[in-house]
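work.pdb (PDB, C-alpha atoms and all ligand atoms)
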ATOM      1  CA  MET A   1     182.488  88.169 109.973
ATOM      2  CA  GLN A   2     178.994  86.886 109.477
ATOM      3  CA  GLU A   3     178.053  83.619 107.840
ATOM      4  CA  PRO A   4     177.815  84.065 104.025
ATOM      5  CA  LEU A   5     174.473  83.341 102.403
ATOM      6  CA  PHE A   6     175.837  81.190  99.597
ATOM      7  CA  GLY A   7     178.668  78.668  99.390
ATOM      8  CA  SER A   8     179.423  78.997  95.677
ATOM      9  CA  VAL A   9     178.232  80.528  92.408
ATOM     10  CA  ASP A  10     176.611  77.231  91.425
ATOM     11  CA  GLU A  11     174.747  77.223  94.690
ATOM     12  CA  VAL A  12     173.385  80.695  93.885
ATOM     13  CA  VAL A  13     172.113  79.410  90.534
ATOM     14  CA  GLU A  14     170.507  76.353  92.105
ATOM     15  CA  ARG A  15     168.873  78.040  95.042
ATOM     16  CA  LEU A  16     167.488  80.911  92.971
ATOM     17  CA  ALA A  17     166.123  78.435  90.432
ATOM     18  CA  ALA A  18     164.439  76.555  93.280
ATOM     19  CA  VAL A  19     162.395  79.680  94.018
ATOM     20  CA  GLY A  20     161.599  80.391  90.360
ATOM     21  CA  TYR A  21     164.390  82.781  89.354
ATOM     22  CA  LEU A  22     166.686  81.676  86.564
ATOM     23  CA  ALA A  23     169.983  83.492  86.826
ATOM     24  CA  SER A  24     172.692  83.526  84.177
ATOM     25  CA  THR A  25     176.251  82.884  85.387
ATOM     26  CA  PRO A  26     177.196  86.589  85.384
ATOM     27  CA  VAL A  27     174.135  87.417  87.488
ATOM     28  CA  ALA A  28     174.785  84.584  89.928
ATOM     29  CA  THR A  29     178.451  85.526  90.184
ATOM     30  CA  THR A  30     177.645  89.121  91.060
ATOM     31  CA  VAL A  31     175.138  88.046  93.700
ATOM     32  CA  TYR A  32     177.720  85.687  95.164
ATOM     33  CA  LEU A  33     180.366  88.408  95.266
ATOM     34  CA  ALA A  34     178.055  91.037  96.746
ATOM     35  CA  ASP A  35     177.338  88.650  99.590
ATOM     36  CA  ARG A  36     180.962  87.640 100.095
ATOM     37  CA  LEU A  37     182.329  91.171  99.948
ATOM     38  CA  GLY A  38     179.451  92.584 101.990
ATOM     39  CA  LYS A  39     178.831  95.233  99.346
ATOM     40  CA  PRO A  40     175.526  96.628  98.144
ATOM     41  CA  LEU A  41     174.568  95.435  94.662
ATOM     42  CA  LEU A  42     173.339  98.035  92.185
ATOM     43  CA  VAL A  43     171.260  96.459  89.420
ATOM     44  CA  GLU A  44     170.543  98.638  86.430
ATOM     45  CA  GLY A  45     168.610  97.815  83.291
ATOM     46  CA  PRO A  46     165.429  98.293  81.273
ATOM     47  CA  ALA A  47     161.940  97.709  82.688
ATOM     48  CA  GLY A  48     160.808  94.182  83.356
ATOM     49  CA  VAL A  49     164.103  92.296  83.120
ATOM     50  CA  GLY A  50     163.929  90.953  86.662
ATOM     51  CA  LYS A  51     165.702  93.537  88.831
ATOM     52  CA  THR A  52     163.136  93.671  91.622
ATOM     53  CA  GLU A  53     162.440  89.974  91.288
ATOM     54  CA  LEU A  54     166.107  89.194  91.905
ATOM     55  CA  ALA A  55     165.899  90.739  95.378
ATOM     56  CA  ARG A  56     162.728  88.844  96.132
ATOM     57  CA  ALA A  57     164.331  85.613  94.957
ATOM     58  CA  VAL A  58     167.511  86.119  97.027
ATOM     59  CA  ALA A  59     165.359  86.753 100.104
ATOM     60  CA  GLU A  60     163.234  83.703  99.533
ATOM     61  CA  ALA A  61     166.157  81.445  98.647
ATOM     62  CA  THR A  62     168.067  82.407 101.786
ATOM     63  CA  ARG A  63     164.983  82.608 104.028
ATOM     64  CA  SER A  64     165.761  86.236 104.749
ATOM     65  CA  ASP A  65     163.266  88.941 105.570
ATOM     66  CA  LEU A  66     162.698  91.246 102.615
ATOM     67  CA  VAL A  67     162.610  94.914 103.586
ATOM     68  CA  ARG A  68     161.686  97.163 100.694
ATOM     69  CA  LEU A  69     162.263 100.852 100.311
ATOM     70  CA  GLN A  70     160.326 102.032  97.272
ATOM     71  CA  CYS A  71     161.848 105.286  96.031
ATOM     72  CA  TYR A  72     159.836 108.075  94.449
ATOM     73  CA  GLU A  73     160.247 111.752  93.760
ATOM     74  CA  GLY A  74     160.292 113.659  97.016
ATOM     75  CA  ILE A  75     160.973 110.700  99.315
ATOM     76  CA  ASP A  76     162.733 111.977 102.432
ATOM     77  CA  GLU A  77     164.418 110.839 105.597
ATOM     78  CA  ALA A  78     161.121 110.594 107.446
ATOM     79  CA  ARG A  79     159.878 108.040 104.921
ATOM     80  CA  ALA A  80     163.136 106.214 104.405
ATOM     81  CA  LEU A  81     164.788 106.155 107.822
ATOM     82  CA  TYR A  82     162.549 107.020 110.763
ATOM     83  CA  GLU A  83     160.226 109.640 112.126
ATOM     84  CA  TRP A  84     158.694 110.467 115.460
ATOM     85  CA  ASN A  85     155.070 109.677 116.041
ATOM     86  CA  HIS A  86     154.005 113.261 116.634
ATOM     87  CA  ALA A  87     150.359 112.525 117.309
ATOM     88  CA  LYS A  88     151.239 110.002 119.977
ATOM     89  CA  GLN A  89     153.850 112.340 121.466
ATOM     90  CA  LEU A  90     151.255 115.100 121.757
ATOM     91  CA  LEU A  91     148.780 112.823 123.442
ATOM     92  CA  ARG A  92     151.402 111.690 125.895
ATOM     93  CA  ILE A  93     152.394 115.262 126.728
ATOM     94  CA  THR A  94     148.778 116.319 127.195
ATOM     95  CA  ALA A  95     148.060 113.335 129.404
ATOM     96  CA  GLY A  96     150.936 114.156 131.745
ATOM     97  CA  ARG A  97     150.192 117.879 132.201
ATOM     98  CA  ASP A  98     151.618 118.159 135.684
ATOM     99  CA  GLU A  99     155.071 116.814 134.964
ATOM    100  CA  GLY A 100     158.018 118.994 133.989
ATOM    101  CA  TRP A 101     159.242 119.291 130.373
ATOM    102  CA  ASP A 102     162.485 117.464 131.071
ATOM    103  CA  GLN A 103     160.683 114.369 132.158
ATOM    104  CA  ALA A 104     158.150 114.529 129.338
ATOM    105  CA  ARG A 105     160.895 115.021 126.779
ATOM    106  CA  ASP A 106     162.862 112.031 127.914
ATOM    107  CA  GLU A 107     159.805 109.951 127.568
ATOM    108  CA  VAL A 108     158.405 111.099 124.241
ATOM    109  CA  PHE A 109     161.765 110.736 122.526
ATOM    110  CA  SER A 110     162.061 107.103 123.399
ATOM    111  CA  GLU A 111     161.647 103.885 121.461
ATOM    112  CA  GLU A 112     157.913 103.780 122.061
ATOM    113  CA  PHE A 113     157.372 106.934 120.014
ATOM    114  CA  LEU A 114     159.699 106.072 117.153
ATOM    115  CA  LEU A 115     158.372 104.984 113.769
ATOM    116  CA  PRO A 116     161.135 103.038 112.056
ATOM    117  CA  ARG A 117     161.076 103.154 108.244
ATOM    118  CA  PRO A 118     162.694 100.599 105.904
ATOM    119  CA  LEU A 119     166.363 101.629 106.284
ATOM    120  CA  LEU A 120     166.225 101.590 110.056
ATOM    121  CA  LYS A 121     164.135  98.420 110.066
ATOM    122  CA  ALA A 122     166.707  96.626 107.931
ATOM    123  CA  ILE A 123     169.587  97.778 110.105
ATOM    124  CA  ARG A 124     167.958  96.772 113.351
ATOM    125  CA  ASN A 125     166.589  93.432 112.206
ATOM    126  CA  PRO A 126     168.490  90.688 114.042
ATOM    127  CA  ASP A 127     167.433  88.101 111.453
ATOM    128  CA  PRO A 128     168.956  87.710 107.973
ATOM    129  CA  THR A 129     167.639  90.535 105.841
ATOM    130  CA  VAL A 130     167.562  91.513 102.189
ATOM    131  CA  LEU A 131     167.178  95.273 101.864
ATOM    132  CA  LEU A 132     165.717  96.211  98.495
ATOM    133  CA  ILE A 133     166.070  99.882  97.596
ATOM    134  CA  ASP A 134     163.844  99.885  94.549
ATOM    135  CA  GLU A 135     163.961 102.424  91.705
ATOM    136  CA  THR A 136     166.703 104.467  93.316
ATOM    137  CA  ASP A 137     166.891 106.775  90.294
ATOM    138  CA  LYS A 138     163.383 108.094  91.054
ATOM    139  CA  ALA A 139     164.535 109.605  94.359
ATOM    140  CA  ASP A 140     166.173 113.019  94.502
ATOM    141  CA  VAL A 141     169.925 113.428  94.744
ATOM    142  CA  GLU A 142     169.665 114.344  98.464
ATOM    143  CA  MET A 143     168.392 110.868  99.131
ATOM    144  CA  GLU A 144     171.643 109.472  97.773
ATOM    145  CA  GLY A 145     173.513 111.299 100.503
ATOM    146  CA  LEU A 146     171.453 109.505 103.090
ATOM    147  CA  LEU A 147     171.937 106.171 101.379
ATOM    148  CA  LEU A 148     175.676 106.723 101.247
ATOM    149  CA  GLU A 149     175.745 107.356 104.955
ATOM    150  CA  VAL A 150     173.664 104.361 105.848
ATOM    151  CA  LEU A 151     175.272 101.944 103.401
ATOM    152  CA  GLY A 152     178.755 103.155 104.276
ATOM    153  CA  ASP A 153     178.890 101.849 107.805
ATOM    154  CA  PHE A 154     175.477 100.353 108.379
ATOM    155  CA  GLN A 155     174.700 102.583 111.263
ATOM    156  CA  VAL A 156     172.175 105.276 111.938
ATOM    157  CA  THR A 157     172.285 108.042 114.505
ATOM    158  CA  VAL A 158     169.030 109.141 116.053
ATOM    159  CA  PRO A 159     170.113 112.210 118.043
ATOM    160  CA  GLU A 160     167.731 111.517 120.929
ATOM    161  CA  LEU A 161     168.537 107.828 121.150
ATOM    162  CA  GLY A 162     172.141 107.504 120.059
ATOM    163  CA  THR A 163     173.808 105.456 117.355
ATOM    164  CA  ILE A 164     172.234 102.242 116.187
ATOM    165  CA  THR A 165     174.610  99.800 114.525
ATOM    166  CA  ALA A 166     173.521  96.855 112.376
ATOM    167  CA  ALA A 167     173.373  93.655 114.365
ATOM    168  CA  ARG A 168     174.013  91.854 111.110
ATOM    169  CA  ARG A 169     174.634  93.361 107.703
ATOM    170  CA  PRO A 170     171.697  93.110 105.365
ATOM    171  CA  PHE A 171     172.193  91.974 101.784
ATOM    172  CA  VAL A 172     171.476  95.236  99.974
ATOM    173  CA  LEU A 173     170.164  95.410  96.423
ATOM    174  CA  LEU A 174     169.490  98.732  94.718
ATOM    175  CA  THR A 175     167.667  98.899  91.416
ATOM    176  CA  SER A 176     167.648 101.622  88.797
ATOM    177  CA  ASN A 177     166.131 102.139  85.359
ATOM    178  CA  ALA A 178     168.829 104.715  84.691
ATOM    179  CA  THR A 179     166.326 107.530  84.124
ATOM    180  CA  ARG A 180     169.114 109.605  85.654
ATOM    181  CA  GLU A 181     172.716 108.781  86.464
ATOM    182  CA  LEU A 182     173.325 107.910  90.078
ATOM    183  CA  SER A 183     176.202 109.703  91.749
ATOM    184  CA  GLU A 184     179.761 108.448  91.364
ATOM    185  CA  ALA A 185     180.056 108.187  95.122
ATOM    186  CA  LEU A 186     177.114 105.833  95.390
ATOM    187  CA  LYS A 187     178.277 103.747  92.459
ATOM    188  CA  ARG A 188     181.714 103.435  93.973
ATOM    189  CA  ARG A 189     180.253 101.823  97.083
ATOM    190  CA  CYS A 190     178.324  99.234  95.111
ATOM    191  CA  LEU A 191     178.975  96.248  92.932
ATOM    192  CA  PHE A 192     177.372  96.947  89.592
ATOM    193  CA  LEU A 193     175.261  94.620  87.499
ATOM    194  CA  HIS A 194     173.742  95.547  84.192
ATOM    195  CA  LEU A 195     170.744  93.315  83.697
ATOM    196  CA  ASP A 196     169.638  93.155  80.097
ATOM    197  CA  PHE A 197     167.130  91.120  78.132
ATOM    198  CA  PRO A 198     168.014  87.451  78.489
ATOM    199  CA  SER A 199     169.420  85.192  75.788
ATOM    200  CA  ALA A 200     166.793  83.293  73.790
ATOM    201  CA  GLU A 201     167.759  80.134  75.633
ATOM    202  CA  LEU A 202     167.325  81.644  79.074
ATOM    203  CA  GLU A 203     164.057  83.293  78.113
ATOM    204  CA  ARG A 204     162.741  79.986  76.794
ATOM    205  CA  ASP A 205     163.610  78.387  80.128
ATOM    206  CA  ILE A 206     161.850  81.184  82.013
ATOM    207  CA  VAL A 207     158.701  80.820  79.897
ATOM    208  CA  THR A 208     158.806  77.041  80.301
ATOM    209  CA  LEU A 209     159.128  77.465  84.059
ATOM    210  CA  LYS A 210     156.266  79.951  84.339
ATOM    211  CA  VAL A 211     153.914  78.517  81.710
ATOM    212  CA  PRO A 212     154.779  74.816  81.591
ATOM    213  CA  GLU A 213     151.476  73.905  79.912
ATOM    214  CA  LEU A 214     152.367  75.743  76.713
ATOM    215  CA  ASP A 215     153.532  73.540  73.868
ATOM    216  CA  ALA A 216     157.339  73.563  73.607
ATOM    217  CA  ARG A 217     157.347  74.540  69.931
ATOM    218  CA  LEU A 218     154.991  77.394  70.586
ATOM    219  CA  THR A 219     157.238  78.534  73.430
ATOM    220  CA  GLU A 220     160.166  78.569  70.985
ATOM    221  CA  SER A 221     158.162  80.709  68.553
ATOM    222  CA  VAL A 222     157.089  83.094  71.273
ATOM    223  CA  VAL A 223     160.681  83.678  72.318
ATOM    224  CA  ARG A 224     161.805  84.098  68.715
ATOM    225  CA  VAL A 225     159.115  86.667  67.915
ATOM    226  CA  VAL A 226     159.841  88.624  71.091
ATOM    227  CA  GLY A 227     163.547  88.555  70.255
ATOM    228  CA  ALA A 228     162.800  89.920  66.779
ATOM    229  CA  LEU A 229     160.592  92.653  68.236
ATOM    230  CA  ARG A 230     163.439  93.734  70.478
ATOM    231  CA  GLU A 231     165.642  94.115  67.402
ATOM    232  CA  LEU A 232     163.247  96.688  65.957
ATOM    233  CA  GLU A 233     163.725 100.166  67.279
ATOM    234  CA  LEU A 234     160.589 100.361  69.369
ATOM    235  CA  ARG A 235     159.568 102.947  71.901
ATOM    236  CA  LYS A 236     159.154 100.216  74.456
ATOM    237  CA  ALA A 237     160.652  96.794  73.805
ATOM    238  CA  PRO A 238     158.740  93.875  75.323
ATOM    239  CA  SER A 239     160.151  92.692  78.656
ATOM    240  CA  ILE A 240     160.355  89.228  80.180
ATOM    241  CA  ALA A 241     157.170  89.907  82.089
ATOM    242  CA  GLU A 242     155.422  90.586  78.780
ATOM    243  CA  THR A 243     156.840  87.463  77.143
ATOM    244  CA  VAL A 244     155.391  85.426  80.003
ATOM    245  CA  ASP A 245     152.056  87.254  79.710
ATOM    246  CA  TRP A 246     151.971  86.546  75.999
ATOM    247  CA  ALA A 247     152.640  82.869  76.574
ATOM    248  CA  ARG A 248     149.757  82.808  79.087
ATOM    249  CA  THR A 249     147.514  84.610  76.602
ATOM    250  CA  LEU A 250     148.235  82.092  73.873
ATOM    251  CA  LEU A 251     147.551  79.259  76.270
ATOM    252  CA  ALA A 252     144.259  80.829  77.310
ATOM    253  CA  LEU A 253     143.256  81.209  73.665
ATOM    254  CA  GLY A 254     144.211  77.630  72.949
ATOM    255  CA  ALA A 255     146.383  78.766  70.035
ATOM    256  CA  GLU A 256     148.276  75.953  68.379
ATOM    257  CA  THR A 257     150.577  77.924  66.145
ATOM    258  CA  LEU A 258     151.592  81.524  65.837
ATOM    259  CA  ASP A 259     150.001  82.717  62.650
ATOM    260  CA  GLU A 260     149.441  86.248  61.541
ATOM    261  CA  GLN A 261     145.918  86.462  62.894
ATOM    262  CA  VAL A 262     146.849  85.234  66.343
ATOM    263  CA  VAL A 263     149.796  87.600  66.537
ATOM    264  CA  GLU A 264     147.740  90.544  65.315
ATOM    265  CA  ALA A 265     145.025  89.823  67.859
ATOM    266  CA  THR A 266     147.374  89.474  70.818
ATOM    267  CA  LEU A 267     150.127  91.985  70.046
ATOM    268  CA  GLY A 268     148.637  94.356  72.627
ATOM    269  CA  VAL A 269     150.041  92.102  75.350
ATOM    270  CA  LEU A 270     153.561  92.809  74.096
ATOM    271  CA  LEU A 271     153.464  96.303  72.657
ATOM    272  CA  LYS A 272     151.985  99.261  74.464
ATOM    273  CA  TYR A 273     152.291 101.986  71.841
ATOM    274  CA  GLN A 274     150.300 102.400  68.655
ATOM    275  CA  SER A 275     153.459 103.418  66.784
ATOM    276  CA  ASP A 276     155.207 100.230  67.909
ATOM    277  CA  HIS A 277     152.224  98.256  66.673
ATOM    278  CA  ARG A 278     152.461  99.791  63.233
ATOM    279  CA  LYS A 279     156.176  99.265  63.066
ATOM    280  CA  ALA A 280     155.896  95.636  64.075
ATOM    281  CA  ALA A 281     153.127  95.007  61.564
ATOM    282  CA  ALA A 282     155.233  96.512  58.797
ATOM    283  CA  GLU A 283     158.643  95.092  59.623
ATOM    284  CA  LEU A 284     158.180  91.847  61.487
ATOM    285  CA  ARG A 285     158.726  88.957  59.106
ATOM    286  CA  LEU A 286     156.369  86.591  60.811
ATOM    287  CA  ASP A 287     156.460  84.033  58.007
ATOM    288  CA  ARG A 288     160.150  83.494  58.650
ATOM    289  CA  LEU A 289     159.994  83.642  62.405
ATOM    290  CA  THR A 290     157.369  80.984  62.760
ATOM    291  CA  ALA A 291     158.363  78.853  59.800
ATOM    292  CA  SER A 292     159.622  76.006  61.937
ATOM    293  CA  SER A 293     156.594  75.704  64.194
TER     294      SER A 293
HETATM  295  N1  LIG B 301     165.547  85.499  85.517
HETATM  296  C1  LIG B 301     164.228  85.394  85.719
HETATM  297  N2  LIG B 301     163.696  84.213  86.116
HETATM  298  C2  LIG B 301     162.362  84.111  86.307
HETATM  299  N3  LIG B 301     161.480  85.113  86.115
HETATM  300  C3  LIG B 301     161.938  86.286  85.710
HETATM  301  C4  LIG B 301     163.335  86.498  85.509
HETATM  302  N4  LIG B 301     163.519  87.765  85.107
HETATM  303  C5  LIG B 301     162.312  88.329  85.067
HETATM  304  N5  LIG B 301     161.356  87.458  85.424
HETATM  305  C6  LIG B 301     159.897  87.731  85.444
HETATM  306  O1  LIG B 301     159.707  89.042  84.964
HETATM  307  C7  LIG B 301     158.830  89.762  85.842
HETATM  308  C8  LIG B 301     159.275  91.208  85.894
HETATM  309  O2  LIG B 301     160.444  91.345  86.631
HETATM  310  P1  LIG B 301     160.702  92.573  87.609
HETATM  311  O3  LIG B 301     159.426  93.100  88.143
HETATM  312  O4  LIG B 301     161.716  92.131  88.579
HETATM  313  O5  LIG B 301     161.286  93.624  86.589
HETATM  314  P2  LIG B 301     162.121  94.932  86.891
HETATM  315  O6  LIG B 301     163.409  94.767  86.198
HETATM  316  O7  LIG B 301     162.115  95.224  88.348
HETATM  317  O8  LIG B 301     161.257  95.997  86.093
HETATM  318  P3  LIG B 301     160.943  97.530  86.434
HETATM  319  O9  LIG B 301     162.155  98.305  86.041
HETATM  320  O10 LIG B 301     159.763  97.816  85.557
HETATM  321  O11 LIG B 301     160.621  97.597  87.896
HETATM  322  C9  LIG B 301     158.914  89.055  87.179
HETATM  323  O12 LIG B 301     157.684  89.057  87.857
HETATM  324  C10 LIG B 301     159.270  87.638  86.802
HETATM  325  O13 LIG B 301     158.108  86.860  86.660
HETATM  326 MG    MG B 302     161.197  96.677  89.492
END
Written as structure tokens, that's how I'd like the structure from this file.
Ligand SMILES: Nc1ncnc2c1ncn2[C@@H]1O[C@H](COP(=O)(O)OP(=O)(O)OP(=O)(O)O)[C@@H](O)[C@H]1O
Ligand SMILES: [Mg+2]
Amino acid sequence: MQEPLFGSVDEVVERLAAVGYLASTPVATTVYLADRLGKPLLVEGPAGVGKTELARAVAEATRSDLVRLQCYEGIDEARALYEWNHAKQLLRITAGRDEGWDQARDEVFSEEFLLPRPLLKAIRNPDPTVLLIDETDKADVEMEGLLLEVLGDFQVTVPELGTITAARRPFVLLTSNATRELSEALKRRCLFLHLDFPSAELERDIVTLKVPELDARLTESVVRVVGALRELELRKAPSIAETVDWARTLLALGAETLDEQVVEATLGVLLKYQSDHRKAAAELRLDRLTASS
């Protein structure tokens, strides 16, 4: 058994907060359990709610190396696990013309000619490691097979070199926007966390943490307006990242209150579709939302 990263759920909350990530109790509990049970953590949720950031924060809080595998359509084993450095192999073979193939082969399929990619890097790293497999749903289904293999027993077989087993298990965090359902088999291996938009209270704390110079009442209004926007059926609801950007925008403009003009002028920070703009302009009851500030 390896040393756990965290001693308690409260410790998760504290140490993540110390590196700028405010976790709700359910989030902290899942992180704690994933570490204790040695299971990968699958975090699913809309864009910009802090999925990727959670992995970064866990790595920083536990002084672990962060190894990131960014998934995309068409990503394959050579990009995710390892590949041979063909150019270097060729050079080596050409340089040693007089030797027999057996000797050359043994040499060019050795460590020196291997290019480890994120999965292999994470498995071989002797230091504490957080392995972030980001946007897993963008990869093809075949990739899931590979992930299942690697995450199942934390070992990788390179035919020419043999089996490489993890010196220490990385803390694995997979993220997904749920653009497609991940396979049952993969889900079964993971602890699951649905990360949604935060409560108004938590979002206020996040904005206060990131933009401390903004007046507290204005921060309250910002969070309230964003909350109301998320209630409207928009094509793309504003995320935490956009709330923080909006707060920064208002600070930069030196706005003192959120009136209609200010909101109209800055709505582009929050809403990225013309149709959402129109909807917000028509349905958002700004007079009520900002009445108390
Ligand atoms: N709980 C939190 N505490 C502090 N900051 C947060 C938190 N959640 C989100 N953020 C902020 O929101 C930003 C966006 O988060 P992140 O990039 O992790 O989103 P995501 O869920 O990975 O989105 P996407 O699906 O688009 O990749 C982060 O840079 C961070 O500043
Ligand atoms: Mg992300």
Exercise. Between CA of Arg124 (chain A) and CA of Asp106 (chain A), what is the spacing in Å?
Worked result: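 Going from CA of Asp106 (chain A) over to CA of Arg124 (chain A), I get 21.7 Å.
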Exercise. Between A:Leu22, A:Leu267, A:Ala28, A:Leu16, which has the minimum distance to ligand LIG 301 (chain B) (counting all atoms listed in the file)?
Worked result: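 Between A:Leu22, A:Leu267, A:Ala28, A:Leu16, the residue approaching ligand LIG 301 (chain B) most closely is A:Leu22.
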Problem set entry | Nearest to Arg79 (chain A), chosen from A:Val225, A:Val150, A:Leu37, A:Leu120, with all atoms listed in the file counted in the distances |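 Closest candidate: A:Leu120.
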Problem set entry | Given the PyMOL selection byres (((not hetatm)) within 6 of (chain B and resi 301)), the residues it picks as an MDAnalysis selection string | chainID A and resid 20:23 46:53 177 206 240:241
For this session: Please write the residues picked by the PyMOL selection byres (((chain A and resi 68) around 12) and not hetatm) on this file as a PyMOL selection string.
Result: chain A and resi 52-53+55-56+59+65-67+69-71+79-81+117-122+129-136+170-175
Generate a file of the selected residues that holds C-alpha atoms, formatted as a PDB file, in the coordinates of the input.
ATOM      1  CA  THR A  52     163.136  93.671  91.622  1.00  0.00           C
ATOM      2  CA  GLU A  53     162.440  89.974  91.288  1.00  0.00           C
ATOM      3  CA  ALA A  55     165.899  90.739  95.378  1.00  0.00           C
ATOM      4  CA  ARG A  56     162.728  88.844  96.132  1.00  0.00           C
ATOM      5  CA  ALA A  59     165.359  86.753 100.104  1.00  0.00           C
ATOM      6  CA  ASP A  65     163.266  88.941 105.570  1.00  0.00           C
ATOM      7  CA  LEU A  66     162.698  91.246 102.615  1.00  0.00           C
ATOM      8  CA  VAL A  67     162.610  94.914 103.586  1.00  0.00           C
ATOM      9  CA  LEU A  69     162.263 100.852 100.311  1.00  0.00           C
ATOM     10  CA  GLN A  70     160.326 102.032  97.272  1.00  0.00           C
ATOM     11  CA  CYS A  71     161.848 105.286  96.031  1.00  0.00           C
ATOM     12  CA  ARG A  79     159.878 108.040 104.921  1.00  0.00           C
ATOM     13  CA  ALA A  80     163.136 106.214 104.405  1.00  0.00           C
ATOM     14  CA  LEU A  81     164.788 106.155 107.822  1.00  0.00           C
ATOM     15  CA  ARG A 117     161.076 103.154 108.244  1.00  0.00           C
ATOM     16  CA  PRO A 118     162.694 100.599 105.904  1.00  0.00           C
ATOM     17  CA  LEU A 119     166.363 101.629 106.284  1.00  0.00           C
ATOM     18  CA  LEU A 120     166.225 101.590 110.056  1.00  0.00           C
ATOM     19  CA  LYS A 121     164.135  98.420 110.066  1.00  0.00           C
ATOM     20  CA  ALA A 122     166.707  96.626 107.931  1.00  0.00           C
ATOM     21  CA  THR A 129     167.639  90.535 105.841  1.00  0.00           C
ATOM     22  CA  VAL A 130     167.562  91.513 102.189  1.00  0.00           C
ATOM     23  CA  LEU A 131     167.178  95.273 101.864  1.00  0.00           C
ATOM     24  CA  LEU A 132     165.717  96.211  98.495  1.00  0.00           C
ATOM     25  CA  ILE A 133     166.070  99.882  97.596  1.00  0.00           C
ATOM     26  CA  ASP A 134     163.844  99.885  94.549  1.00  0.00           C
ATOM     27  CA  GLU A 135     163.961 102.424  91.705  1.00  0.00           C
ATOM     28  CA  THR A 136     166.703 104.467  93.316  1.00  0.00           C
ATOM     29  CA  PRO A 170     171.697  93.110 105.365  1.00  0.00           C
ATOM     30  CA  PHE A 171     172.193  91.974 101.784  1.00  0.00           C
ATOM     31  CA  VAL A 172     171.476  95.236  99.974  1.00  0.00           C
ATOM     32  CA  LEU A 173     170.164  95.410  96.423  1.00  0.00           C
ATOM     33  CA  LEU A 174     169.490  98.732  94.718  1.00  0.00           C
ATOM     34  CA  THR A 175     167.667  98.899  91.416  1.00  0.00           C
TER      35      THR A 175
END
For this session: Point out the residue among A:Gly145, A:Leu195, A:Asn125, A:Gln103 with the least atom-to-atom distance to ligand MG 302 (chain B), counting all atoms listed in the file.
Result: A:Leu195
